[in-house]
$ cat work.cif   # mmCIF, C-alpha atoms
data_target
#
loop_
_atom_site.label_atom_id
_atom_site.label_comp_id
_atom_site.auth_asym_id
_atom_site.auth_seq_id
_atom_site.Cartn_x
_atom_site.Cartn_y
_atom_site.Cartn_z
CA MET B 744 -2.98 -6.97 -22.37
CA ASN B 745 -5.67 -9.66 -22.23
CA TRP B 746 -7.86 -10.78 -19.36
CA GLU B 747 -7.01 -14.50 -19.72
CA GLN B 748 -3.40 -13.80 -18.71
CA LEU B 749 -4.23 -10.99 -16.29
CA LEU B 750 -6.44 -13.34 -14.23
CA SER B 751 -3.64 -15.87 -13.70
CA LEU B 752 -3.95 -18.18 -10.70
CA LYS B 753 -0.26 -19.12 -10.89
CA ARG B 754 1.78 -18.97 -7.68
CA TYR B 755 5.52 -19.02 -7.03
CA GLY B 756 6.94 -22.47 -7.71
CA ASP B 757 4.08 -23.73 -9.87
CA SER B 758 5.31 -25.91 -12.73
CA GLY B 759 1.98 -25.94 -14.58
CA LYS B 760 -1.07 -23.77 -15.02
CA ARG B 761 -3.89 -23.51 -12.51
CA LEU B 762 -7.15 -23.47 -14.42
CA ARG B 763 -10.11 -21.49 -13.10
CA LYS B 764 -12.67 -24.09 -14.18
CA GLU B 765 -10.86 -26.69 -12.03
CA GLN B 766 -10.92 -24.55 -8.87
CA ASP B 767 -12.71 -25.70 -5.73
CA GLU B 768 -15.55 -23.18 -5.32
CA THR B 769 -15.44 -23.60 -1.54
CA ARG B 770 -11.75 -22.66 -1.40
CA LEU B 771 -11.14 -20.42 -4.40
CA GLY B 772 -7.51 -19.50 -5.08
CA PHE B 773 -8.05 -15.74 -5.08
CA GLU B 774 -9.86 -16.01 -1.74
CA VAL B 775 -6.95 -18.02 -0.33
CA ASP B 776 -4.78 -14.98 -1.09
CA TYR B 777 -6.98 -12.81 1.12
CA ASP B 778 -6.73 -15.35 3.95
CA ARG B 779 -2.94 -15.61 3.70
CA ILE B 780 -2.58 -11.84 3.91
CA ILE B 781 -4.94 -11.39 6.85
CA PHE B 782 -3.18 -14.12 8.89
CA SER B 783 0.32 -12.75 8.21
CA SER B 784 2.31 -11.06 10.98
CA ALA B 785 3.05 -8.09 8.70
CA PHE B 786 -0.68 -7.44 8.35
CA ARG B 787 -1.31 -7.76 12.08
CA SER B 788 1.29 -5.07 12.82
CA LEU B 789 -0.89 -2.55 10.96
CA GLN B 790 -3.19 -2.44 14.00
CA ASP B 791 -0.68 -0.09 15.64
CA LYS B 792 0.49 1.92 12.64
CA THR B 793 -0.61 5.43 11.84
CA GLN B 794 -3.22 6.17 9.20
CA VAL B 795 -3.56 9.91 9.85
CA ILE B 796 -3.01 10.70 13.54
CA PRO B 797 0.21 9.15 14.94
CA LEU B 798 -0.14 7.55 18.37
CA SER B 799 -3.70 8.81 18.73
CA GLU B 800 -5.15 8.60 22.21
CA THR B 801 -8.70 8.06 20.92
CA ASP B 802 -10.11 4.67 19.95
CA PHE B 803 -12.22 5.71 16.98
CA VAL B 804 -9.42 7.10 14.81
CA HIS B 805 -8.42 4.76 12.00
CA THR B 806 -5.18 2.80 12.01
CA ARG B 807 -3.55 1.26 8.95
CA LEU B 808 -5.32 -1.98 9.86
CA THR B 809 -8.86 -0.62 9.95
CA HIS B 810 -8.12 1.49 6.88
CA SER B 811 -6.86 -1.58 4.98
CA LEU B 812 -9.92 -3.62 5.92
CA GLU B 813 -12.22 -0.84 4.74
CA VAL B 814 -10.28 -0.44 1.48
CA SER B 815 -10.61 -4.18 0.87
CA VAL B 816 -14.40 -3.97 1.30
CA VAL B 817 -14.63 -1.09 -1.17
CA GLY B 818 -12.23 -2.89 -3.50
CA ARG B 819 -14.34 -6.04 -3.44
CA SER B 820 -17.42 -4.04 -4.48
CA LEU B 821 -15.50 -2.30 -7.25
CA GLY B 822 -14.13 -5.60 -8.55
CA ARG B 823 -17.49 -7.37 -8.52
CA LEU B 824 -19.30 -4.55 -10.28
CA VAL B 825 -16.61 -4.30 -12.96
CA GLY B 826 -16.36 -8.09 -13.26
CA LYS B 827 -20.09 -8.45 -13.86
CA GLU B 828 -19.91 -6.05 -16.80
CA LEU B 829 -16.68 -7.49 -18.21
CA LEU B 830 -18.08 -11.02 -18.31
CA GLN B 831 -21.00 -9.77 -20.36
CA LYS B 832 -18.61 -7.99 -22.71
CA HIS B 833 -16.15 -10.92 -22.87
CA PRO B 834 -18.39 -14.01 -22.40
CA HIS B 835 -15.57 -16.46 -23.25
CA LEU B 836 -13.97 -15.62 -19.88
CA HIS B 837 -16.87 -17.44 -18.22
CA GLU B 838 -17.97 -19.87 -20.93
CA VAL B 839 -14.48 -21.16 -21.81
CA HIS B 840 -12.35 -20.42 -18.74
CA GLY B 841 -14.94 -20.49 -15.93
CA TYR B 842 -14.29 -17.04 -14.43
CA ARG B 843 -17.06 -15.40 -12.43
CA PHE B 844 -17.63 -11.81 -11.39
CA ASN B 845 -16.67 -12.69 -7.81
CA ASP B 846 -13.15 -13.51 -9.03
CA PHE B 847 -12.57 -9.88 -9.94
CA GLY B 848 -13.85 -8.84 -6.52
CA ALA B 849 -11.61 -11.35 -4.75
CA ILE B 850 -8.48 -10.20 -6.61
CA VAL B 851 -9.11 -6.51 -5.93
CA ALA B 852 -10.08 -7.19 -2.30
CA ALA B 853 -6.87 -9.15 -1.61
CA ALA B 854 -4.62 -6.58 -3.29
CA SER B 855 -6.48 -3.79 -1.45
CA LEU B 856 -6.06 -5.59 1.87
CA ALA B 857 -2.30 -5.68 1.32
CA HIS B 858 -1.88 -2.22 -0.18
CA ASP B 859 -0.32 -0.67 2.98
CA ILE B 860 1.39 -3.79 4.33
CA GLY B 861 4.88 -2.40 3.72
CA ASN B 862 4.34 1.04 5.25
CA PRO B 863 6.63 2.11 8.12
CA PRO B 864 5.43 3.51 11.47
CA PHE B 865 4.27 7.14 11.72
CA GLY B 866 2.50 7.24 8.35
CA HIS B 867 4.09 8.65 5.21
CA SER B 868 6.51 10.66 7.33
CA GLY B 869 8.03 7.30 8.30
CA GLU B 870 9.01 6.67 4.68
CA LYS B 871 10.55 10.13 4.47
CA ALA B 872 12.38 9.68 7.78
CA ILE B 873 14.08 6.49 6.58
CA GLY B 874 15.10 8.14 3.30
CA GLU B 875 16.32 11.31 5.01
CA TYR B 876 18.62 9.34 7.30
CA PHE B 877 20.55 8.06 4.29
CA LYS B 878 20.25 11.20 2.18
CA ASN B 879 21.06 13.92 4.73
CA GLY B 880 21.72 12.15 8.02
CA ASN B 881 24.45 9.87 9.38
CA GLY B 882 23.60 7.29 6.73
CA GLN B 883 25.15 9.45 3.98
CA LYS B 884 28.48 7.76 4.62
CA PHE B 885 27.14 4.50 3.15
CA LYS B 886 26.53 6.00 -0.29
CA SER B 887 29.94 4.92 -1.59
CA LEU B 888 29.10 1.28 -0.78
CA LEU B 889 26.07 1.22 -3.10
CA THR B 890 25.24 1.45 -6.79
CA GLN B 891 23.16 4.40 -7.95
CA LYS B 892 19.93 2.40 -8.00
CA GLU B 893 20.63 0.76 -4.66
CA TYR B 894 21.19 4.15 -3.07
CA GLN B 895 18.02 5.52 -4.69
CA ASP B 896 16.02 2.59 -3.31
CA ILE B 897 17.04 3.63 0.19
CA ILE B 898 16.90 7.44 0.03
CA ASP B 899 13.44 7.19 -1.54
CA PHE B 900 12.38 4.29 0.68
CA GLU B 901 8.97 3.24 -0.60
CA GLY B 902 6.27 1.40 1.33
CA ASN B 903 4.88 -0.06 -1.90
CA ALA B 904 8.22 -1.66 -2.74
CA ASN B 905 8.60 -2.93 0.82
CA GLY B 906 5.10 -4.40 0.59
CA PHE B 907 6.01 -6.28 -2.59
CA ARG B 908 9.12 -7.56 -0.82
CA LEU B 909 7.10 -8.80 2.16
CA LEU B 910 4.60 -10.58 -0.08
CA THR B 911 7.20 -12.30 -2.30
CA GLU B 912 10.48 -12.52 -0.38
CA ASN B 913 12.27 -15.88 -0.25
CA ARG B 914 13.30 -16.81 3.27
CA GLU B 915 15.08 -19.89 4.54
CA GLY B 916 12.60 -22.74 4.22
CA VAL B 917 9.88 -20.39 2.91
CA LYS B 918 10.05 -19.76 -0.82
CA GLY B 919 7.92 -17.13 -2.53
CA GLY B 920 6.82 -15.27 0.59
CA LEU B 921 3.07 -15.70 1.07
CA ARG B 922 2.86 -17.45 -2.33
CA LEU B 923 0.03 -15.28 -3.57
CA SER B 924 -1.45 -15.65 -7.03
CA TYR B 925 0.30 -13.56 -9.67
CA SER B 926 -2.93 -11.73 -10.50
CA VAL B 927 -3.16 -10.41 -6.93
CA LEU B 928 0.53 -9.44 -6.93
CA GLY B 929 0.02 -7.69 -10.26
CA ALA B 930 -3.03 -5.79 -8.99
CA PHE B 931 -1.06 -4.83 -5.86
CA MET B 932 1.72 -3.18 -7.92
CA LYS B 933 0.72 0.49 -8.28
CA TYR B 934 4.09 1.56 -9.65
CA PRO B 935 5.61 -1.24 -11.77
CA LYS B 936 9.05 0.32 -12.16
CA GLU B 937 12.45 0.67 -10.49
CA SER B 938 13.52 3.65 -8.39
CA LEU B 939 15.44 5.06 -11.39
CA PRO B 940 14.74 6.81 -13.63
CA LYS B 941 12.73 8.93 -11.23
CA LYS B 942 9.34 10.13 -12.57
CA PRO B 943 10.37 9.70 -16.24
CA THR B 944 6.84 10.54 -17.49
CA LYS B 945 3.58 11.96 -16.15
CA HIS B 946 1.92 8.53 -16.41
CA ILE B 947 0.40 7.55 -13.07
CA ALA B 948 2.42 4.30 -13.08
CA ASP B 949 5.69 6.29 -13.12
CA LYS B 950 4.84 8.45 -10.10
CA LYS B 951 6.85 6.31 -7.64
CA PHE B 952 8.53 2.90 -7.75
CA GLY B 953 7.24 -0.51 -6.80
CA PHE B 954 10.14 -2.90 -6.19
CA PHE B 955 13.65 -2.83 -4.78
CA GLN B 956 16.62 -4.18 -6.73
CA THR B 957 16.38 -7.36 -4.64
CA GLU B 958 12.96 -8.17 -6.15
CA LYS B 959 13.66 -7.09 -9.74
CA ASP B 960 13.84 -10.63 -11.15
CA THR B 961 10.74 -11.69 -9.20
CA PHE B 962 8.75 -8.82 -10.62
CA LYS B 963 9.93 -9.50 -14.17
CA GLU B 964 8.72 -13.11 -13.87
CA ILE B 965 5.31 -12.03 -12.56
CA ALA B 966 4.93 -9.31 -15.20
CA GLY B 967 5.81 -11.79 -17.94
CA GLU B 968 3.26 -14.33 -16.74
CA LEU B 969 0.54 -11.68 -16.60
CA GLY B 970 1.41 -10.23 -19.99
CA LEU B 971 1.95 -6.70 -18.67
CA ILE B 972 3.15 -4.28 -21.35
CA GLN B 973 6.83 -3.42 -20.92
CA THR B 974 7.55 0.31 -21.33
CA ARG B 975 11.33 0.34 -20.84
CA ASN B 976 13.94 -2.31 -21.56
CA GLY B 977 17.61 -2.90 -20.83
CA GLU B 978 19.00 -1.73 -17.50
CA ASP B 979 15.91 0.34 -16.64
CA ILE B 980 12.74 -1.74 -16.70
CA SER B 981 9.16 -0.65 -16.24
CA PHE B 982 5.69 -1.84 -17.23
CA HIS B 983 2.17 -0.57 -17.61
CA ARG B 984 -0.13 -1.39 -14.70
CA HIS B 985 -2.30 -4.43 -14.30
CA PRO B 986 -5.78 -3.01 -15.10
CA LEU B 987 -7.23 -4.05 -11.73
CA THR B 988 -4.60 -1.88 -10.02
CA PHE B 989 -6.71 1.11 -11.00
CA LEU B 990 -9.56 -0.33 -8.90
CA VAL B 991 -7.24 -0.96 -5.93
CA GLU B 992 -6.05 2.63 -6.17
CA ALA B 993 -9.63 3.91 -6.44
CA ALA B 994 -10.65 1.95 -3.32
CA ASP B 995 -7.79 3.57 -1.39
CA ASP B 996 -8.57 7.03 -2.78
CA ILE B 997 -12.26 6.72 -1.88
CA CYS B 998 -11.54 5.57 1.66
CA TYR B 999 -8.88 8.07 2.59
CA THR B 1000 -10.83 10.95 1.03
CA ILE B 1001 -14.01 10.21 2.96
CA ILE B 1002 -12.83 8.42 6.09
CA ASP B 1003 -9.82 10.62 6.91
CA PHE B 1004 -12.28 13.51 6.62
CA GLU B 1005 -14.59 11.69 9.04
CA ASP B 1006 -11.71 11.21 11.50
CA GLY B 1007 -11.03 14.94 11.36
CA ILE B 1008 -14.65 15.65 12.27
CA ASN B 1009 -14.65 13.13 15.13
CA LEU B 1010 -11.42 14.65 16.50
CA GLY B 1011 -12.91 18.13 16.38
CA LEU B 1012 -10.34 19.33 13.86
CA ILE B 1013 -13.11 20.12 11.36
CA PRO B 1014 -16.35 21.80 12.55
CA GLU B 1015 -19.38 19.55 12.11
CA ASP B 1016 -21.55 22.00 10.16
CA PHE B 1017 -18.68 22.87 7.84
CA ALA B 1018 -17.82 19.22 7.23
CA LEU B 1019 -21.36 18.02 6.66
CA GLU B 1020 -21.83 20.78 4.11
CA TYR B 1021 -18.91 19.41 2.08
CA LEU B 1022 -20.24 15.84 2.21
CA ILE B 1023 -23.73 16.95 1.27
CA LYS B 1024 -22.31 18.64 -1.84
CA LEU B 1025 -20.92 15.27 -2.87
CA VAL B 1026 -24.16 13.31 -2.38
CA LYS B 1027 -26.83 15.97 -2.94
CA ASP B 1028 -28.42 14.00 -5.79
CA ARG B 1029 -28.76 10.84 -3.69
CA ILE B 1030 -29.55 12.04 -0.19
CA ASN B 1031 -32.88 11.19 1.43
CA THR B 1032 -33.56 14.54 3.08
CA LYS B 1033 -36.39 13.25 5.29
CA LYS B 1034 -34.24 10.39 6.60
CA TYR B 1035 -31.27 12.69 7.14
CA ASN B 1036 -33.24 15.36 9.03
CA ALA B 1037 -34.75 12.72 11.33
CA MET B 1038 -31.32 11.85 12.72
CA ALA B 1039 -30.76 13.54 16.07
CA PHE B 1040 -27.08 12.77 16.58
CA MET B 1041 -24.06 13.96 14.63
CA GLU B 1042 -22.52 10.47 14.55
CA ASP B 1043 -25.58 9.07 12.79
CA ARG B 1044 -25.74 11.90 10.27
CA LEU B 1045 -22.05 11.53 9.56
CA SER B 1046 -22.32 7.76 9.18
CA TYR B 1047 -25.21 8.12 6.73
CA LEU B 1048 -23.38 10.68 4.60
CA ARG B 1049 -20.17 8.64 4.67
CA ALA B 1050 -21.94 5.49 3.42
CA LEU B 1051 -23.75 7.47 0.74
CA ALA B 1052 -20.54 9.20 -0.36
CA ILE B 1053 -18.59 5.95 -0.61
CA ASN B 1054 -21.36 4.29 -2.63
CA THR B 1055 -21.56 7.32 -4.93
CA LEU B 1056 -17.82 7.22 -5.62
CA ILE B 1057 -17.85 3.43 -6.12
CA GLN B 1058 -20.48 3.73 -8.85
CA ASP B 1059 -18.57 6.60 -10.42
CA ALA B 1060 -15.23 4.73 -10.42
CA VAL B 1061 -16.84 1.67 -12.03
CA ALA B 1062 -18.32 3.84 -14.77
CA VAL B 1063 -14.94 5.47 -15.47
CA PHE B 1064 -13.16 2.10 -15.59
CA LEU B 1065 -15.65 0.52 -17.97
CA ALA B 1066 -15.69 3.56 -20.24
CA ASN B 1067 -11.88 3.38 -20.50
CA GLU B 1068 -11.30 -0.40 -20.44
CA THR B 1069 -9.76 -0.51 -23.91
CA ALA B 1070 -7.33 2.32 -23.13
CA ILE B 1071 -6.45 0.70 -19.81
CA LEU B 1072 -5.66 -2.63 -21.50
CA ARG B 1073 -3.43 -0.80 -23.99
CA GLY B 1074 -1.66 1.09 -21.22
CA ASP B 1075 -2.94 4.40 -22.60
CA PHE B 1076 -4.93 5.44 -19.53
CA THR B 1077 -2.45 7.72 -17.76
CA VAL B 1078 -4.28 9.00 -14.65
CA SER B 1079 -6.17 7.58 -11.68
CA LEU B 1080 -9.88 6.78 -11.98
CA MET B 1081 -10.65 9.55 -9.49
CA ASP B 1082 -8.92 12.07 -11.76
CA LYS B 1083 -11.68 11.37 -14.30
CA SER B 1084 -14.44 11.38 -11.69
CA GLU B 1085 -17.66 13.28 -12.21
CA TYR B 1086 -17.12 14.46 -8.63
CA LYS B 1087 -13.50 15.56 -9.02
CA ALA B 1088 -14.22 19.12 -7.84
CA GLN B 1089 -16.04 17.94 -4.68
CA ILE B 1090 -13.26 15.44 -3.92
CA ALA B 1091 -10.63 18.15 -4.34
CA ASP B 1092 -12.52 20.41 -1.90
CA ILE B 1093 -12.67 17.67 0.74
CA ILE B 1094 -8.97 16.80 0.34
CA ASP B 1095 -8.01 20.48 0.54
CA VAL B 1096 -9.83 20.82 3.87
CA SER B 1097 -8.25 17.58 5.15
CA VAL B 1098 -4.76 18.81 4.27
CA LYS B 1099 -5.23 22.12 6.05
CA LYS B 1100 -7.19 20.93 9.07
CA ILE B 1101 -5.89 17.36 9.62
CA TYR B 1102 -2.62 16.51 7.85
CA GLN B 1103 -1.09 19.87 8.77
CA SER B 1104 -2.61 20.08 12.24
CA LYS B 1105 -0.31 20.79 15.18
CA GLU B 1106 -0.93 17.32 16.68
CA VAL B 1107 0.07 15.53 13.48
CA ILE B 1108 3.12 17.72 12.79
CA GLU B 1109 4.49 17.40 16.33
CA LYS B 1110 4.22 13.61 16.31
CA GLU B 1111 5.74 13.38 12.83
CA ILE B 1112 8.72 15.41 14.05
CA ALA B 1113 9.15 12.97 16.92
CA GLY B 1114 8.91 10.10 14.43
CA TYR B 1115 11.80 11.48 12.38
CA LYS B 1116 14.05 11.50 15.45
CA ILE B 1117 12.92 8.08 16.66
CA LEU B 1118 13.47 6.29 13.34
CA ALA B 1119 16.79 8.04 12.64
CA ASP B 1120 18.16 7.01 16.04
CA ILE B 1121 17.05 3.39 15.61
CA LEU B 1122 18.56 3.23 12.11
CA ASP B 1123 21.79 4.78 13.35
CA VAL B 1124 22.32 2.12 15.98
CA TYR B 1125 21.46 -0.90 13.86
CA THR B 1126 23.09 0.11 10.55
CA HIS B 1127 26.41 0.83 12.24
CA ALA B 1128 26.26 -2.38 14.28
CA LEU B 1129 25.51 -4.45 11.16
CA ILE B 1130 28.24 -2.82 9.05
CA ARG B 1131 30.77 -3.24 11.85
CA LYS B 1132 29.79 -6.91 12.15
CA LYS B 1133 30.47 -7.38 8.44
CA ASP B 1134 33.84 -5.65 8.87
CA GLY B 1135 34.59 -7.65 12.02
CA THR B 1136 34.96 -4.51 14.17
CA THR B 1137 32.00 -4.70 16.54
CA SER B 1138 32.20 -3.51 20.12
CA ASN B 1139 30.40 -5.20 23.00
CA TYR B 1140 27.64 -2.60 22.66
CA HIS B 1141 27.16 -3.43 18.97
CA ASP B 1142 27.03 -7.15 19.76
CA LEU B 1143 24.36 -6.55 22.39
CA MET B 1144 22.28 -4.45 20.01
CA LEU B 1145 22.48 -7.06 17.25
CA LYS B 1146 21.08 -9.67 19.63
CA THR B 1147 17.89 -7.59 19.86
CA LEU B 1148 17.33 -7.84 16.09
CA PRO B 1149 15.06 -10.63 14.83
CA LYS B 1150 17.08 -13.45 13.21
CA PRO B 1151 16.15 -12.67 9.57
CA TYR B 1152 17.72 -9.22 9.90
CA GLN B 1153 20.99 -10.29 11.57
CA ASN B 1154 22.65 -11.81 8.50
CA THR B 1155 25.70 -9.84 7.34
CA ASP B 1156 27.03 -12.48 4.95
CA VAL B 1157 25.42 -10.54 2.10
CA SER B 1158 26.08 -7.32 0.16
CA PHE B 1159 26.19 -3.93 1.88
CA TYR B 1160 23.00 -3.06 0.01
CA ARG B 1161 21.10 -6.01 1.43
CA ILE B 1162 22.38 -5.27 4.93
CA LEU B 1163 21.22 -1.66 4.79
CA LEU B 1164 17.94 -2.53 3.08
CA ASN B 1165 17.29 -5.17 5.75
CA ALA B 1166 17.83 -2.51 8.43
CA CYS B 1167 15.34 -0.22 6.66
CA CYS B 1168 12.81 -3.02 6.33
CA TYR B 1169 13.20 -3.93 10.00
CA VAL B 1170 12.45 -0.35 11.01
CA ALA B 1171 9.52 -0.32 8.57
CA SER B 1172 8.13 -3.47 10.19
CA LEU B 1173 7.83 -1.80 13.60
CA SER B 1174 4.52 -0.54 14.89
CA ASP B 1175 4.35 3.02 16.21
CA SER B 1176 4.43 1.84 19.83
CA ALA B 1177 7.24 -0.66 19.22
CA ALA B 1178 9.37 2.06 17.62
CA VAL B 1179 8.83 4.33 20.64
CA HIS B 1180 9.62 1.46 23.03
CA ILE B 1181 12.85 0.49 21.21
CA HIS B 1182 13.92 4.13 21.04
CA ASN B 1183 13.39 4.53 24.78
CA LYS B 1184 15.56 1.45 25.37
CA ILE B 1185 18.33 2.76 23.11
CA MET B 1186 18.26 6.16 24.79
CA GLY B 1187 18.37 4.55 28.25
CA ARG B 1188 14.97 5.83 29.27
CA GLU B 1189 13.62 2.34 29.99
CA LEU B 1190 15.19 -0.66 31.71
#
$ encode --input "work.cif" --output "structure tokens"
Amino acid sequence: MNWEQLLSLKRYGDSGKRLRKEQDETRLGFEVDYDRIIFSSAFRSLQDKTQVIPLSETDFVHTRLTHSLEVSVVGRSLGRLVGKELLQKHPHLHEVHGYRFNDFGAIVAAASLAHDIGNPPFGHSGEKAIGEYFKNGNGQKFKSLLTQKEYQDIIDFEGNANGFRLLTENREGVKGGLRLSYSVLGAFMKYPKESLPKKPTKHIADKKFGFFQTEKDTFKEIAGELGLIQTRNGEDISFHRHPLTFLVEAADDICYTIIDFEDGINLGLIPEDFALEYLIKLVKDRINTKKYNAMAFMEDRLSYLRALAINTLIQDAVAVFLANETAILRGDFTVSLMDKSEYKAQIADIIDVSVKKIYQSKEVIEKEIAGYKILADILDVYTHALIRKKDGTTSNYHDLMLKTLPKPYQNTDVSFYRILLNACCYVASLSDSAAVHIHNKIMGREL
């Protein structure tokens, strides 16, 4: 892969190239991408979607929205630091093409901002709940209507693939979704493969999948423009990652490692002394002991350690990326940047505590269980109403339910796969509170 192609400013529908040296510096294309994402309705819905604690009653716990904003800030720093070094190593990128180090930051920031845009309500359990409905619930009966890959798309419903769909989906009168630059879409794609074959290798890019069958052709066009390396051909296609995807992933890893841990402390799930000890282990070489000891309040000490920890991991991720740039461009770098971190042991300790004390806490588990029931019931009502509409066998109840669906999801003049996928994507679009509200309506608990 080469940086000239990877930094493409092309957007859906462009007939010619967009040249970096001709860009308006006051309205740079990669920065336009960030703006389009942040003003989208899909991004706004993240303000009421779970990051760690579903339906938290406290106002300082992170949502998907605040998490995404923080990841974009970390991503911007990662991109700028890497970009500055790459332009020195590859001076023609600036001298001939006009790229600047801020371009790398803008691409990574925009992709980082969007990285969770396709996630369902109730965190990762929401993805599993949608898949379980079709794999082991009432949705099993639809299996015979789908191809093997179509069925796999649904039983392994993936927020990354739904995010790519939201960003690129053609709608009536709106072609190309948000019409983001291909470089941002490439950096967004953590898993540039289909749902099958499932985990064909141990390469990080094969861990999950990144697009539904509906967006297969769109992804192939973007991958071709960017010059991504194709790893499988024929019926099963896959590619190596866009190099900047590793920075997007690192930004996410850094934030959820440190900030989820911080949420656990603020919620009282992790004792302060115990938690601060773990953070101090991570930043012991950088901490200003005099400054730290002068802080009287836990919130200030925690804030200081969090900022120091994030900066430490940013510098470390940049060093790993630059040391492995050649392997990354060849597609030979098979793990995340954090897997090669100097601080891998400290990160693993923090994540282990978070899993035991936060992710597996009674509060989280109980709300995830409720989420399974809520999403399954909503899917049950809408999938059956939509399939009956296609068959022409709706009851008055089904007709009433269909009227509550937004217009884009009501169309049944398409394949069974698209109908069912649309139902999944509708459920995925709901905020936590909206899902609870709709479920209460369906169950007759609200008028």
$ closest_atom_pairs --input "work.cif" --of "region 744-837 of chain B" --to "region 916-925 of chain B" --cutoff "10 Å" --atoms "all atoms listed in the file" --output "JSON lines"
{"residue": "B:Gln748", "atom": "CA", "partner": "B:Tyr925", "partner_atom": "CA", "distance": 9.8}
{"residue": "B:Leu749", "atom": "CA", "partner": "B:Tyr925", "partner_atom": "CA", "distance": 8.4}
{"residue": "B:Leu750", "atom": "CA", "partner": "B:Tyr925", "partner_atom": "CA", "distance": 8.1}
{"residue": "B:Ser751", "atom": "CA", "partner": "B:Tyr925", "partner_atom": "CA", "distance": 6.1}
{"residue": "B:Leu752", "atom": "CA", "partner": "B:Ser924", "partner_atom": "CA", "distance": 5.1}
{"residue": "B:Lys753", "atom": "CA", "partner": "B:Ser924", "partner_atom": "CA", "distance": 5.3}
{"residue": "B:Arg754", "atom": "CA", "partner": "B:Ser924", "partner_atom": "CA", "distance": 4.7}
{"residue": "B:Tyr755", "atom": "CA", "partner": "B:Gly919", "partner_atom": "CA", "distance": 5.4}
{"residue": "B:Gly756", "atom": "CA", "partner": "B:Gly919", "partner_atom": "CA", "distance": 7.5}
{"residue": "B:Asp757", "atom": "CA", "partner": "B:Arg922", "partner_atom": "CA", "distance": 9.9}
{"residue": "B:Arg761", "atom": "CA", "partner": "B:Ser924", "partner_atom": "CA", "distance": 9.9}
{"residue": "B:Gly772", "atom": "CA", "partner": "B:Ser924", "partner_atom": "CA", "distance": 7.4}
{"residue": "B:Phe773", "atom": "CA", "partner": "B:Ser924", "partner_atom": "CA", "distance": 6.9}
{"residue": "B:Glu774", "atom": "CA", "partner": "B:Ser924", "partner_atom": "CA", "distance": 9.9}
{"residue": "B:Val775", "atom": "CA", "partner": "B:Leu923", "partner_atom": "CA", "distance": 8.2}
{"residue": "B:Asp776", "atom": "CA", "partner": "B:Leu923", "partner_atom": "CA", "distance": 5.4}
{"residue": "B:Tyr777", "atom": "CA", "partner": "B:Leu923", "partner_atom": "CA", "distance": 8.8}
{"residue": "B:Arg779", "atom": "CA", "partner": "B:Leu921", "partner_atom": "CA", "distance": 6.6}
{"residue": "B:Ile780", "atom": "CA", "partner": "B:Leu921", "partner_atom": "CA", "distance": 7.4}
{"residue": "B:Ser783", "atom": "CA", "partner": "B:Leu921", "partner_atom": "CA", "distance": 8.2}
$ write_last_selection --input "work.cif" --atoms "C-alpha atoms" --output "mmCIF file, in the coordinates of the input"
data_model
loop_
_atom_site.group_PDB
_atom_site.id
_atom_site.type_symbol
_atom_site.label_atom_id
_atom_site.label_comp_id
_atom_site.auth_asym_id
_atom_site.auth_seq_id
_atom_site.Cartn_x
_atom_site.Cartn_y
_atom_site.Cartn_z
ATOM 1 C CA GLN B 748 -3.400 -13.800 -18.710
ATOM 2 C CA LEU B 749 -4.230 -10.990 -16.290
ATOM 3 C CA LEU B 750 -6.440 -13.340 -14.230
ATOM 4 C CA SER B 751 -3.640 -15.870 -13.700
ATOM 5 C CA LEU B 752 -3.950 -18.180 -10.700
ATOM 6 C CA LYS B 753 -0.260 -19.120 -10.890
ATOM 7 C CA ARG B 754 1.780 -18.970 -7.680
ATOM 8 C CA TYR B 755 5.520 -19.020 -7.030
ATOM 9 C CA GLY B 756 6.940 -22.470 -7.710
ATOM 10 C CA ASP B 757 4.080 -23.730 -9.870
ATOM 11 C CA ARG B 761 -3.890 -23.510 -12.510
ATOM 12 C CA GLY B 772 -7.510 -19.500 -5.080
ATOM 13 C CA PHE B 773 -8.050 -15.740 -5.080
ATOM 14 C CA GLU B 774 -9.860 -16.010 -1.740
ATOM 15 C CA VAL B 775 -6.950 -18.020 -0.330
ATOM 16 C CA ASP B 776 -4.780 -14.980 -1.090
ATOM 17 C CA TYR B 777 -6.980 -12.810 1.120
ATOM 18 C CA ARG B 779 -2.940 -15.610 3.700
ATOM 19 C CA ILE B 780 -2.580 -11.840 3.910
ATOM 20 C CA SER B 783 0.320 -12.750 8.210
#
$ atom_distance --input "work.cif" --atom1 "CA of Ser820 (chain B)" --atom2 "CA of Leu1045 (chain B)"
21.5 Å
$ closest_residue --input "work.cif" --among "B:Val1061, B:Ile873, B:Leu1145, B:Leu909" --to "Lys827 (chain B)" --atoms "only C-alpha atoms"
B:Val1061
$ residues_near_point --input "work.cif" --point "(12.6, 1.8, 12.0)" --cutoff "12 Å" --atoms "only C-alpha atoms" --output "ChimeraX atom specification"
/B:862-865,868-874,876,900,1114-1126,1148,1163-1182
$ atom_distance --input "work.cif" --atom1 "CA of Val825 (chain B)" --atom2 "CA of Tyr934 (chain B)"
21.8 Å
$ resolve_selection --input "work.cif" --expression "the PyMOL selection byres ((chain B and resi 763) around 10)" --output "number ranges by chain"
B: 750-752, 760-762, 764-768, 771-772, 836-837, 839-843, 846
$ resolve_selection --input "work.cif" --expression "the PyMOL selection byres ((chain B and resi 1023) around 12)" --output "PyMOL selection string"
chain B and resi 1001+1015-1022+1024-1032+1035+1044-1045+1047-1052+1055+1089-1090+1093
$ closest_residue --input "work.cif" --among "B:His867, B:Arg914, B:His946, B:His805" --to "Phe982 (chain B)" --atoms "all atoms listed in the file"
B:His946
